[in-house]
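Next comes entry-v8.txt, with compact mmCIF, C-alpha atoms and all ligand atoms.
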```
# COMPACT_ATOMS: atom_id res chain seq x y z
CA MET A 278 0.00 0.00 0.00
CA SER A 279 1.35 3.41 -0.84
CA VAL A 280 -0.04 6.88 -0.42
CA HIS A 281 1.08 8.88 -3.38
CA THR A 282 1.34 12.61 -2.97
CA GLY A 283 2.38 13.54 -6.50
CA GLU A 284 0.47 16.34 -8.14
CA LYS A 285 -0.46 14.68 -11.37
CA PRO A 286 -3.02 11.93 -11.03
CA LEU A 287 -2.87 8.96 -13.35
CA LEU A 288 -6.60 9.08 -14.02
CA ARG A 289 -8.92 12.06 -13.79
CA VAL A 290 -12.60 11.37 -14.21
CA GLU A 291 -14.49 14.61 -14.76
CA GLY A 292 -18.26 15.08 -14.84
CA LEU A 293 -18.84 11.54 -16.07
CA LYS A 294 -22.45 10.69 -16.85
CA THR A 295 -23.62 7.30 -18.03
CA ARG A 296 -27.26 6.69 -18.89
CA PHE A 297 -29.25 3.64 -19.92
CA PHE A 298 -32.17 4.36 -22.19
CA THR A 299 -34.66 1.67 -21.23
CA GLU A 300 -38.35 1.11 -21.90
CA GLU A 301 -39.09 2.35 -18.37
CA GLY A 302 -37.18 5.54 -19.03
CA GLN A 303 -33.67 6.98 -18.68
CA VAL A 304 -31.57 5.39 -15.92
CA ASN A 305 -28.97 7.81 -14.51
CA ALA A 306 -26.53 5.08 -13.48
CA VAL A 307 -23.56 7.44 -13.19
CA ASP A 308 -24.57 11.00 -12.57
CA GLY A 309 -21.71 13.42 -13.07
CA ILE A 310 -18.89 11.97 -10.99
CA ASP A 311 -15.42 13.45 -10.46
CA LEU A 312 -12.50 11.36 -9.25
CA SER A 313 -8.75 11.46 -9.40
CA ILE A 314 -6.67 8.34 -8.99
CA ASN A 315 -2.93 8.48 -8.42
CA ASP A 316 -0.12 6.37 -9.73
CA SER A 317 0.49 3.17 -7.79
CA GLU A 318 -2.36 3.54 -5.38
CA VAL A 319 -5.29 1.34 -4.56
CA PHE A 320 -8.43 3.41 -4.95
CA GLY A 321 -11.71 1.95 -3.77
CA ILE A 322 -15.22 2.71 -4.94
CA VAL A 323 -17.63 1.50 -2.31
CA GLY A 324 -21.40 1.60 -2.02
CA GLU A 325 -24.50 -0.52 -1.81
CA SER A 326 -25.72 -2.66 -4.66
CA GLY A 327 -27.13 -0.59 -7.51
CA SER A 328 -25.24 2.58 -6.62
CA GLY A 329 -23.36 2.66 -9.95
CA LYS A 330 -19.95 1.19 -9.08
CA SER A 331 -19.72 -1.34 -11.91
CA VAL A 332 -21.10 1.07 -14.47
CA THR A 333 -18.40 3.54 -13.40
CA ALA A 334 -15.71 0.90 -13.98
CA LEU A 335 -17.15 -0.08 -17.35
CA SER A 336 -17.41 3.57 -18.35
CA VAL A 337 -13.73 4.12 -17.57
CA LEU A 338 -12.92 1.17 -19.81
CA GLY A 339 -15.29 2.30 -22.57
CA LEU A 340 -17.37 -0.85 -22.29
CA ILE A 341 -20.86 0.53 -21.97
CA GLU A 342 -23.15 -1.21 -24.39
CA SER A 343 -26.59 -0.37 -25.75
CA PRO A 344 -29.00 0.70 -24.32
CA GLY A 345 -26.33 2.52 -22.32
CA ARG A 346 -24.16 5.43 -23.33
CA ILE A 347 -21.74 7.87 -21.77
CA THR A 348 -23.53 11.15 -22.32
CA ASP A 349 -21.07 13.57 -20.77
CA GLY A 350 -17.67 13.95 -19.16
CA HIS A 351 -14.06 12.98 -19.64
CA VAL A 352 -11.74 10.21 -18.51
CA TRP A 353 -8.24 11.69 -18.63
CA TYR A 354 -5.39 9.17 -18.52
CA ARG A 355 -1.80 10.30 -18.07
CA SER A 356 0.44 8.42 -20.45
CA PRO A 357 3.27 10.17 -22.32
CA GLU A 358 3.88 6.82 -24.07
CA LEU A 359 0.37 6.78 -25.48
CA VAL A 360 0.46 10.45 -26.35
CA GLU A 361 3.59 9.78 -28.38
CA SER A 362 2.16 6.80 -30.21
CA ILE A 363 -1.29 8.16 -31.08
CA GLY A 364 -1.05 11.91 -30.58
CA ALA A 365 -0.58 12.79 -34.24
CA ASP A 366 -3.54 10.65 -35.28
CA GLU A 367 -5.92 11.72 -32.56
CA PRO A 368 -4.93 15.28 -31.61
CA SER A 369 -8.36 16.19 -30.26
CA ALA A 370 -8.03 13.47 -27.60
CA VAL A 371 -4.70 14.74 -26.29
CA ASP A 372 -3.93 17.46 -23.75
CA GLY A 373 -0.28 17.56 -22.66
CA GLU A 374 0.58 14.22 -21.08
CA TYR A 375 -3.09 13.27 -20.86
CA VAL A 376 -5.32 11.39 -23.25
CA ASP A 377 -9.09 11.71 -22.99
CA LEU A 378 -10.16 8.09 -23.29
CA GLN A 379 -13.66 9.28 -24.08
CA ALA A 380 -12.45 11.09 -27.15
CA LEU A 381 -10.34 8.24 -28.56
CA SER A 382 -11.51 6.25 -31.55
CA PRO A 383 -13.01 2.89 -30.50
CA ARG A 384 -10.20 1.08 -32.34
CA VAL A 385 -7.39 2.72 -30.38
CA ARG A 386 -9.36 2.49 -27.18
CA ARG A 387 -9.63 -1.28 -27.63
CA THR A 388 -5.87 -1.58 -27.83
CA LEU A 389 -5.57 -0.14 -24.33
CA ARG A 390 -7.48 -3.05 -22.82
CA GLY A 391 -5.07 -5.51 -21.39
CA THR A 392 -2.04 -3.35 -22.06
CA HIS A 393 -2.82 -0.13 -20.20
CA PHE A 394 -6.00 -1.22 -18.43
CA SER A 395 -7.03 -4.66 -17.34
CA MET A 396 -9.96 -5.99 -15.39
CA ILE A 397 -10.85 -8.84 -13.11
CA PHE A 398 -14.33 -9.84 -12.06
CA GLN A 399 -16.23 -11.73 -9.46
CA ASP A 400 -16.72 -14.76 -11.69
CA PRO A 401 -13.43 -16.09 -13.08
CA MET A 402 -15.21 -18.75 -15.16
CA SER A 403 -16.46 -15.97 -17.42
CA SER A 404 -12.86 -15.06 -18.27
CA PHE A 405 -11.91 -18.44 -19.65
CA ASN A 406 -12.91 -20.51 -22.59
CA PRO A 407 -13.86 -23.91 -21.11
CA SER A 408 -12.42 -25.84 -24.05
CA LEU A 409 -8.82 -24.59 -23.90
CA THR A 410 -6.18 -25.05 -21.22
CA VAL A 411 -5.54 -22.26 -18.79
CA GLY A 412 -1.91 -22.03 -19.93
CA GLU A 413 -2.86 -21.60 -23.59
CA GLN A 414 -5.31 -18.87 -22.76
CA ILE A 415 -2.85 -16.91 -20.69
CA ALA A 416 -0.21 -17.41 -23.37
CA GLU A 417 -2.60 -16.05 -25.95
CA ALA A 418 -3.22 -13.05 -23.71
CA VAL A 419 0.56 -12.50 -23.58
CA GLU A 420 0.81 -12.56 -27.39
CA SER A 421 -2.22 -10.43 -27.99
CA GLN A 422 -1.01 -7.75 -25.58
CA GLN A 423 2.44 -7.80 -27.16
CA ARG A 424 0.85 -7.16 -30.55
CA ALA A 425 -1.30 -4.36 -29.18
CA ARG A 426 1.67 -2.66 -27.51
CA ALA A 427 3.79 -2.99 -30.63
CA ASN A 428 1.14 -1.37 -32.77
CA PRO A 429 -1.74 0.36 -31.05
CA ARG A 430 -3.39 1.15 -34.36
CA SER A 431 -3.75 -2.42 -35.55
CA VAL A 432 -5.20 -4.53 -32.85
CA ALA A 433 -7.19 -7.58 -33.76
CA SER A 434 -10.78 -7.45 -32.64
CA ARG A 435 -11.76 -10.95 -31.73
CA THR A 436 -14.90 -10.48 -29.74
CA GLN A 437 -16.45 -13.57 -28.25
CA GLY A 438 -19.14 -13.62 -25.68
CA TYR A 439 -17.87 -14.93 -22.37
CA GLY A 440 -19.82 -12.56 -20.16
CA LEU A 441 -18.49 -9.28 -19.00
CA SER A 442 -14.95 -10.28 -19.71
CA SER A 443 -15.64 -9.83 -23.40
CA PHE A 444 -13.58 -6.71 -22.72
CA ILE A 445 -10.46 -8.84 -22.46
CA MET A 446 -11.84 -11.19 -25.02
CA SER A 447 -11.93 -8.45 -27.60
CA THR A 448 -8.18 -8.77 -27.59
CA VAL A 449 -7.21 -12.03 -25.97
CA MET A 450 -9.80 -14.81 -25.98
CA PRO A 451 -8.18 -17.54 -28.03
CA SER A 452 -10.20 -19.55 -30.45
CA LYS A 453 -7.61 -22.16 -31.37
CA ARG A 454 -4.23 -23.46 -30.28
CA TYR A 455 -1.45 -21.59 -31.88
CA VAL A 456 0.54 -19.99 -29.08
CA LYS A 457 4.31 -19.91 -29.16
CA GLU A 458 6.49 -21.86 -26.75
CA GLU A 459 7.91 -18.67 -25.23
CA SER A 460 4.42 -17.33 -24.58
CA LEU A 461 3.56 -20.55 -22.77
CA ASP A 462 6.71 -20.12 -20.69
CA ARG A 463 5.60 -16.62 -19.80
CA ALA A 464 2.13 -17.97 -18.92
CA ILE A 465 3.77 -20.42 -16.52
CA GLU A 466 5.77 -17.59 -14.97
CA LEU A 467 2.58 -15.60 -14.52
CA LEU A 468 0.85 -18.58 -12.90
CA GLU A 469 3.80 -18.89 -10.56
CA MET A 470 3.68 -15.18 -9.83
CA VAL A 471 0.07 -15.45 -8.64
CA GLY A 472 0.92 -18.35 -6.35
CA ILE A 473 -0.37 -21.35 -8.31
CA PRO A 474 1.52 -24.45 -7.15
CA ASP A 475 3.00 -26.70 -9.87
CA PRO A 476 2.40 -24.08 -12.55
CA VAL A 477 3.87 -26.23 -15.33
CA LEU A 478 1.29 -28.94 -14.69
CA ARG A 479 -1.56 -26.56 -13.92
CA ALA A 480 -0.97 -24.70 -17.19
CA GLU A 481 -1.98 -27.92 -18.97
CA GLU A 482 -5.30 -28.11 -17.14
CA TYR A 483 -8.70 -26.83 -18.19
CA PRO A 484 -10.59 -24.14 -16.26
CA HIS A 485 -13.05 -26.62 -14.70
CA GLU A 486 -10.11 -28.45 -13.10
CA PHE A 487 -9.27 -25.36 -11.02
CA SER A 488 -10.89 -24.53 -7.67
CA GLY A 489 -12.64 -21.13 -7.39
CA GLY A 490 -9.69 -19.51 -5.59
CA MET A 491 -7.12 -20.96 -8.01
CA LEU A 492 -9.13 -19.87 -11.02
CA GLN A 493 -9.38 -16.39 -9.50
CA ARG A 494 -5.58 -16.38 -9.32
CA ALA A 495 -5.38 -17.59 -12.93
CA MET A 496 -7.69 -14.76 -13.99
CA ILE A 497 -5.37 -12.31 -12.24
CA ALA A 498 -2.42 -13.89 -14.13
CA GLN A 499 -4.32 -13.44 -17.38
CA ALA A 500 -5.14 -9.83 -16.51
CA LEU A 501 -1.46 -9.14 -15.82
CA ALA A 502 -0.28 -10.66 -19.10
CA GLY A 503 -0.10 -7.25 -20.78
CA GLU A 504 1.58 -5.59 -17.77
CA PRO A 505 -1.24 -3.08 -17.37
CA ASN A 506 -0.81 0.24 -15.62
CA VAL A 507 -4.28 0.06 -14.14
CA LEU A 508 -6.07 -3.02 -12.87
CA ILE A 509 -9.79 -2.65 -12.30
CA ALA A 510 -11.02 -5.25 -9.85
CA ASP A 511 -14.83 -5.48 -9.66
CA GLU A 512 -15.84 -7.38 -6.52
CA PRO A 513 -12.87 -9.70 -7.12
CA THR A 514 -13.38 -11.82 -4.03
CA THR A 515 -17.10 -11.64 -3.35
CA ALA A 516 -17.75 -15.20 -4.51
CA LEU A 517 -14.94 -16.72 -2.42
CA ASP A 518 -15.04 -17.95 1.14
CA VAL A 519 -13.42 -15.66 3.69
CA THR A 520 -10.08 -17.46 3.99
CA ILE A 521 -9.52 -17.59 0.25
CA GLN A 522 -10.84 -14.05 -0.03
CA ALA A 523 -8.14 -12.79 2.34
CA GLN A 524 -5.45 -14.70 0.40
CA VAL A 525 -6.53 -13.25 -2.94
CA LEU A 526 -6.65 -9.72 -1.50
CA ASP A 527 -3.17 -10.15 -0.08
CA LEU A 528 -1.99 -11.42 -3.44
CA LEU A 529 -3.39 -8.34 -5.17
CA LEU A 530 -1.58 -6.10 -2.70
CA GLU A 531 1.69 -7.98 -3.20
CA LEU A 532 1.36 -7.72 -6.98
CA GLN A 533 0.56 -4.05 -6.71
CA GLU A 534 3.72 -3.47 -4.67
CA GLU A 535 5.82 -5.56 -7.05
CA THR A 536 4.57 -4.05 -10.28
CA GLY A 537 3.64 -0.53 -9.14
CA MET A 538 0.33 -0.78 -10.96
CA THR A 539 -2.68 1.24 -9.88
CA ILE A 540 -5.72 -0.68 -8.69
CA LEU A 541 -9.29 0.57 -8.91
CA LEU A 542 -11.20 -1.68 -6.56
CA ILE A 543 -14.98 -1.89 -6.74
CA THR A 544 -16.62 -3.37 -3.69
CA HIS A 545 -19.63 -3.15 -1.42
CA ASN A 546 -17.46 -4.35 1.47
CA LEU A 547 -15.83 -1.75 3.71
CA GLY A 548 -13.74 -4.46 5.35
CA VAL A 549 -12.12 -5.05 1.95
CA VAL A 550 -11.60 -1.32 1.51
CA ALA A 551 -9.97 -1.05 4.95
CA ARG A 552 -7.58 -3.85 4.08
CA MET A 553 -6.67 -2.68 0.62
CA CYS A 554 -7.18 0.97 -0.20
CA ASP A 555 -5.14 4.14 0.06
CA ARG A 556 -8.07 6.36 -0.89
CA LEU A 557 -11.73 5.81 -1.65
CA GLY A 558 -14.89 7.27 -3.07
CA VAL A 559 -18.24 6.41 -1.52
CA MET A 560 -20.93 6.01 -4.15
CA TYR A 561 -24.65 6.48 -3.70
CA ALA A 562 -27.37 6.70 -6.35
CA GLY A 563 -24.96 7.31 -9.22
CA GLU A 564 -22.93 9.95 -7.38
CA ILE A 565 -19.71 9.97 -5.41
CA VAL A 566 -20.87 11.47 -2.11
CA GLU A 567 -17.62 11.39 -0.13
CA ARG A 568 -14.00 10.91 -1.12
CA GLY A 569 -10.67 11.08 0.60
CA THR A 570 -7.91 9.01 2.10
CA LEU A 571 -8.83 5.80 3.87
CA HIS A 572 -7.69 7.33 7.13
CA ASP A 573 -9.76 10.50 6.76
CA VAL A 574 -12.94 8.87 5.54
CA PHE A 575 -12.84 6.05 8.09
CA ASN A 576 -11.84 8.22 11.04
CA ASP A 577 -13.98 11.21 10.23
CA PRO A 578 -16.86 10.31 7.94
CA VAL A 579 -19.00 13.37 7.28
CA HIS A 580 -21.76 12.04 5.04
CA PRO A 581 -24.44 10.22 7.00
CA TYR A 582 -24.44 7.55 4.28
CA THR A 583 -20.75 6.87 4.90
CA GLN A 584 -21.42 6.90 8.62
CA GLY A 585 -24.20 4.38 8.06
CA LEU A 586 -21.96 2.14 5.96
CA LEU A 587 -19.22 2.31 8.56
CA GLY A 588 -21.75 1.33 11.17
CA SER A 589 -22.29 -1.80 9.13
CA ILE A 590 -18.65 -2.60 8.44
CA PRO A 591 -18.20 -6.31 7.92
CA ASP A 592 -15.05 -8.09 8.97
CA LEU A 593 -12.90 -10.48 7.03
CA ASP A 594 -12.48 -13.11 9.69
CA GLY A 595 -16.22 -13.61 9.92
CA THR A 596 -16.52 -13.00 13.66
CA ARG A 597 -19.24 -10.42 13.28
CA ASP A 598 -22.51 -12.13 12.53
CA ARG A 599 -24.37 -9.83 10.24
CA LEU A 600 -24.09 -6.69 8.23
CA GLN A 601 -26.33 -3.98 9.69
CA PRO A 602 -28.17 -2.60 6.71
CA ILE A 603 -28.97 1.10 6.44
CA ALA A 604 -32.71 1.59 6.75
CA GLY A 605 -34.51 2.17 3.45
CA ASN A 606 -33.48 1.34 -0.09
CA VAL A 607 -31.26 2.77 -2.78
CA PRO A 608 -33.60 5.03 -4.77
CA SER A 609 -34.67 4.28 -8.30
CA LEU A 610 -32.18 5.79 -10.72
CA LEU A 611 -34.89 6.43 -13.30
CA ASP A 612 -34.55 10.07 -14.27
CA HIS A 613 -38.24 10.85 -13.92
CA GLU A 614 -38.34 9.33 -10.43
CA MET A 615 -35.23 11.01 -9.03
CA PRO A 616 -36.09 13.82 -6.62
CA ASP A 617 -34.72 17.32 -7.04
CA ARG A 618 -33.04 17.17 -3.63
CA CYS A 619 -30.38 15.18 -1.84
CA PHE A 620 -30.91 11.59 -2.98
CA PHE A 621 -30.15 10.29 0.50
CA ALA A 622 -32.47 12.65 2.38
CA ASP A 623 -35.28 10.12 2.76
CA ARG A 624 -32.97 7.68 4.52
CA CYS A 625 -30.85 10.20 6.34
CA PRO A 626 -31.09 10.47 10.11
CA LYS A 627 -29.66 13.99 9.91
CA ALA A 628 -31.74 15.35 7.03
CA MET A 629 -32.52 19.05 7.37
CA GLN A 630 -34.92 21.34 5.58
CA GLU A 631 -32.30 22.50 3.05
CA CYS A 632 -31.60 18.88 2.04
CA LEU A 633 -35.12 18.78 0.66
CA GLU A 634 -34.85 22.03 -1.23
CA LYS A 635 -32.01 21.29 -3.61
CA PRO A 636 -29.18 18.75 -4.02
CA PRO A 637 -25.98 19.62 -2.12
CA GLU A 638 -22.64 20.43 -3.77
CA PHE A 639 -19.27 19.05 -2.78
CA GLY A 640 -17.70 20.84 0.15
CA ILE A 641 -15.08 20.34 2.83
CA ALA A 642 -16.18 20.50 6.44
CA GLU A 643 -14.10 22.70 8.73
CA SER A 644 -13.33 19.77 10.95
CA SER A 645 -12.45 17.56 8.03
CA SER A 646 -9.79 17.17 5.38
CA HIS A 647 -11.82 15.60 2.62
CA ALA A 648 -14.71 16.40 0.34
CA THR A 649 -18.32 15.44 0.92
CA LYS A 650 -21.45 16.07 -1.08
CA CYS A 651 -23.61 16.94 1.89
CA TYR A 652 -24.87 20.10 3.58
CA LEU A 653 -23.12 18.88 6.71
CA ALA A 654 -19.83 19.69 5.00
CA ARG A 655 -20.77 23.37 5.07
CA THR A 656 -23.25 23.72 7.85
CA SER A 657 -22.66 22.95 11.46
CA TYR A 658 -25.19 20.40 12.49
CA ASP A 659 -27.51 20.97 15.36
CA GLU A 660 -29.76 18.12 16.35
CA THR A 661 -32.71 20.46 16.42
CA ASP A 662 -32.25 21.00 12.65
CA ALA A 663 -32.95 17.39 11.90
CA LEU A 664 -36.26 16.51 10.39
CA THR A 665 -37.93 13.79 12.37
CA GLU A 666 -39.13 10.45 11.12
CA ASP A 667 -42.62 11.84 11.58
CA TYR A 668 -41.82 14.45 8.96
CA PHE A 669 -41.05 11.79 6.38
CA SER A 670 -44.00 9.62 7.28
CA SER A 671 -46.33 12.63 7.17
CA GLU A 672 -44.74 13.63 3.84
CA THR A 673 -45.31 10.14 2.49
CA ALA A 674 -48.88 10.16 3.78
CA GLU A 675 -49.41 13.57 2.20
CA THR A 676 -48.03 12.38 -1.15
CA GLN A 677 -50.25 9.31 -1.01
CA GLN A 678 -53.21 11.52 -0.17
CA ILE A 679 -52.50 13.85 -3.10
CA GLU A 680 -52.05 10.88 -5.43
CA SER A 681 -55.25 9.26 -4.29
CA ASP A 682 -57.13 12.58 -4.49
CA GLY A 683 -55.72 13.05 -7.97
CA GLY A 684 -56.83 9.57 -8.85
CA THR A 685 -60.41 10.18 -7.83
CA GLN A 686 -60.81 13.48 -9.64
N1 LIG B 701 -27.61 -2.77 -19.11
C1 LIG B 701 -28.32 -2.01 -18.25
N2 LIG B 701 -29.54 -1.55 -18.59
C2 LIG B 701 -30.27 -0.80 -17.74
N3 LIG B 701 -29.86 -0.40 -16.52
C3 LIG B 701 -28.64 -0.83 -16.13
C4 LIG B 701 -27.81 -1.65 -16.96
N4 LIG B 701 -26.64 -1.92 -16.31
C5 LIG B 701 -26.76 -1.29 -15.10
N5 LIG B 701 -27.93 -0.64 -15.00
C6 LIG B 701 -28.43 0.15 -13.87
O1 LIG B 701 -27.42 1.03 -13.46
C7 LIG B 701 -27.47 1.19 -12.05
C8 LIG B 701 -26.09 0.99 -11.48
O2 LIG B 701 -25.72 -0.40 -11.62
P1 LIG B 701 -24.31 -0.98 -11.18
O3 LIG B 701 -24.25 -2.38 -11.65
O4 LIG B 701 -23.25 -0.05 -11.59
O5 LIG B 701 -24.43 -0.95 -9.60
P2 LIG B 701 -23.37 -1.50 -8.57
O6 LIG B 701 -23.18 -0.43 -7.56
O7 LIG B 701 -22.17 -2.02 -9.25
O8 LIG B 701 -24.18 -2.69 -7.90
P3 LIG B 701 -23.87 -4.26 -7.89
O9 LIG B 701 -22.84 -4.43 -6.84
O10 LIG B 701 -25.19 -4.86 -7.52
O11 LIG B 701 -23.43 -4.60 -9.29
C9 LIG B 701 -28.51 0.22 -11.52
O12 LIG B 701 -29.72 0.95 -11.32
C10 LIG B 701 -28.67 -0.74 -12.65
O13 LIG B 701 -29.96 -1.28 -12.68
```
What would you get if you wrote out this structure as structure tokens?
Ligand SMILES: Nc1ncnc2c1ncn2[C@@H]1O[C@H](COP(=O)(O)OP(=O)(O)OP(=O)(O)O)[C@@H](O)[C@H]1O
Amino acid sequence: MSVHTGEKPLLRVEGLKTRFFTEEGQVNAVDGIDLSINDSEVFGIVGESGSGKSVTALSVLGLIESPGRITDGHVWYRSPELVESIGADEPSAVDGEYVDLQALSPRVRRTLRGTHFSMIFQDPMSSFNPSLTVGEQIAEAVESQQRARANPRSVASRTQGYGLSSFIMSTVMPSKRYVKEESLDRAIELLEMVGIPDPVLRAEEYPHEFSGGMLQRAMIAQALAGEPNVLIADEPTTALDVTIQAQVLDLLLELQEETGMTILLITHNLGVVARMCDRLGVMYAGEIVERGTLHDVFNDPVHPYTQGLLGSIPDLDGTRDRLQPIAGNVPSLLDHEMPDRCFFADRCPKAMQECLEKPPEFGIAESSSHATKCYLARTSYDETDALTEDYFSSETAETQQIESDGGTQ
């Protein structure tokens, strides 16, 4: 783990909006988020299910598919190497050392997957073709990433549908055996690097012959084949039992230290964040509502949502019985159902009148060192300001009354 204090972040996400245009209406899955992620750090995005974490990760990678679309914002990536190789062809995507991934042509953007950015998921089975050996598939990833690095303008697009990981598949999923001996050797090295015992033998095995934890390690090996600068890990250990989970998390930290790569970790588990992250962003209803260093956010959470999540922090050794959920549900992200006020107000034990009048902006509380999208960041809180539960129940009753009156007219 390393806290980087350099001034130039590796990734700058600015005003990113991702919408899904569904039959029910427009879903504001990511609603104008800003983030900066430094070189060689582990940055966590944490929040309840449905808050927009995965869509954020997919948006950074340019993997949003119909009916979804990024409708606004930029994803700036600092890479002098990339600027040099594509700058003349795509000048409108370049600003100094930064490339706006959003502005790149889809062809060039594809070449970055695996080489500059890689991803691991909850379900490793979806990353492997069941009919080829694990070694062959990692070897193919090695070759494909070598080709992409050598010539970012001419990457093969071999898209096959193995779930979400079609992002890697667009460059690496092998369809037949034709890998070179040296690529297989590298695959064995990678398997060894991720702690697979007997890697020479295991490379000959098929995915179904691996246990869940071992296959997770193999997926990490595959993701590292192109020596990416950024590894996006979306709930990488959620499906594993706690002991294996801890081992895989430790492995990711070791690899991060060894390679210096940056990790963007998506999780709903604050215990995982505490173990892994240097900094984090807390996500709620498509927005980042609090962001800062692990130390600051954990020791001095300002947003009542973060406070609620921290009240429900799970532990990795499984000694705490249950996660304490925050009362209420994540709101619908359908545009026409989203209120013109703080999205958390209805669940917030500290909601005040102004929270209902308009959505808060980001601010830094006097007592705090990090940014929060909450009126509490600007206003000192007095318990007498809080709206009571009765307020919300009377508001709900009033709304129901109006609706039913409207219905009878
Ligand atoms: N293909 C899609 N079509 C329509 N809506 C979608 C699609 N993919 C995601 N969404 C919506 O976007 C919102 C954010 O989803 P996302 O998967 O990013 O949440 P999450 O925080 O990662 O939760 P989880 O941990 O459950 O995956 C949700 O309301 C979800 O229903």
Return as a ChimeraX atom specification the residues of protein, DNA or RNA that approach ligand LIG 701 (chain B) to within 8 Å, with only C-alpha atoms and all ligand atoms taken into account. /A:296-299,304-307,323-334,342-345,512,543-545,560,562-563,609-611
Neighbourhood query: residues within 9 Å of (-0.8, -20.6, -19.5), file coordinates, counting all atoms listed in the file; return as a ChimeraX atom specification. /A:410-418,460-468,476-477,479-481,495,498-499
Identify, on the basis of only C-alpha atoms, every residue whose closest approach to region 373-387 of chain A does not exceed 10 Å; exclude the query and any residue fewer than 2 positions from it along the same chain; express the result as a ChimeraX atom specification. /A:285-290,293,336-340,347,349-361,363-364,366-371,389-394,425,428-434,444-445,447-448
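For the atom pair formed by CA of Ile509 (chain A) and CA of Ile540 (chain A), the distance is 5.8 Å, given to one decimal.
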A:Glu459, A:Glu564, A:Glu482, A:Glu531 ranked by distance to Cys619 (chain A), top pick (using all atoms listed in the file):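 Between A:Glu459, A:Glu564, A:Glu482, A:Glu531, the residue approaching Cys619 (chain A) most closely is A:Glu564.
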Record the distance separating CA of Ala365 (chain A) and CA of Ser317 (chain A), expressed in Å with one decimal. 28.2 Å
Nearest residue to Arg494 (chain A) out of A:Leu478, A:Met402, A:Val519, A:Val456, using all atoms listed in the file?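 When distances to Arg494 (chain A) are compared using all atoms listed in the file, the smallest one comes from A:Met402.
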Near-Val566 (chain A) list (10 Å; only C-alpha atoms; drop same-chain fewer than 2 positions) as a PyMOL selection string: chain A and resi 310+324+558-564+568+579-583+621+637-639+648-651
Same residues, C-alpha atoms, output as an mmCIF file, keeping the file's coordinate frame:
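The resulting file, selection26.cif, is reproduced below:
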```cif
data_model
loop_
_atom_site.group_PDB
_atom_site.id
_atom_site.type_symbol
_atom_site.label_atom_id
_atom_site.label_comp_id
_atom_site.auth_asym_id
_atom_site.auth_seq_id
_atom_site.Cartn_x
_atom_site.Cartn_y
_atom_site.Cartn_z
ATOM 1 C CA ILE A 310 -18.890 11.970 -10.990
ATOM 2 C CA GLY A 324 -21.400 1.600 -2.020
ATOM 3 C CA GLY A 558 -14.890 7.270 -3.070
ATOM 4 C CA VAL A 559 -18.240 6.410 -1.520
ATOM 5 C CA MET A 560 -20.930 6.010 -4.150
ATOM 6 C CA TYR A 561 -24.650 6.480 -3.700
ATOM 7 C CA ALA A 562 -27.370 6.700 -6.350
ATOM 8 C CA GLY A 563 -24.960 7.310 -9.220
ATOM 9 C CA GLU A 564 -22.930 9.950 -7.380
ATOM 10 C CA ARG A 568 -14.000 10.910 -1.120
ATOM 11 C CA VAL A 579 -19.000 13.370 7.280
ATOM 12 C CA HIS A 580 -21.760 12.040 5.040
ATOM 13 C CA PRO A 581 -24.440 10.220 7.000
ATOM 14 C CA TYR A 582 -24.440 7.550 4.280
ATOM 15 C CA THR A 583 -20.750 6.870 4.900
ATOM 16 C CA PHE A 621 -30.150 10.290 0.500
ATOM 17 C CA PRO A 637 -25.980 19.620 -2.120
ATOM 18 C CA GLU A 638 -22.640 20.430 -3.770
ATOM 19 C CA PHE A 639 -19.270 19.050 -2.780
ATOM 20 C CA ALA A 648 -14.710 16.400 0.340
ATOM 21 C CA THR A 649 -18.320 15.440 0.920
ATOM 22 C CA LYS A 650 -21.450 16.070 -1.080
ATOM 23 C CA CYS A 651 -23.610 16.940 1.890
#
```
Smallest atom-to-atom distance to Met553 (chain A): which of A:Ser403, A:Ala523, A:Thr295, A:Gly537, using all atoms listed in the file?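 With all atoms listed in the file as the atom set, the closest residue is A:Ala523.
Compared by their closest atoms to Asp573 (chain A), and using all atoms listed in the file, the residues A:Tyr483, A:Ile641, A:Pro636, A:Asn315 rank with A:Ile641 nearest.
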Would you work out the distance separating CA of Cys554 (chain A) from CA of Glu318 (chain A), expressed in Å to one decimal?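 It comes out at 7.5 Å.
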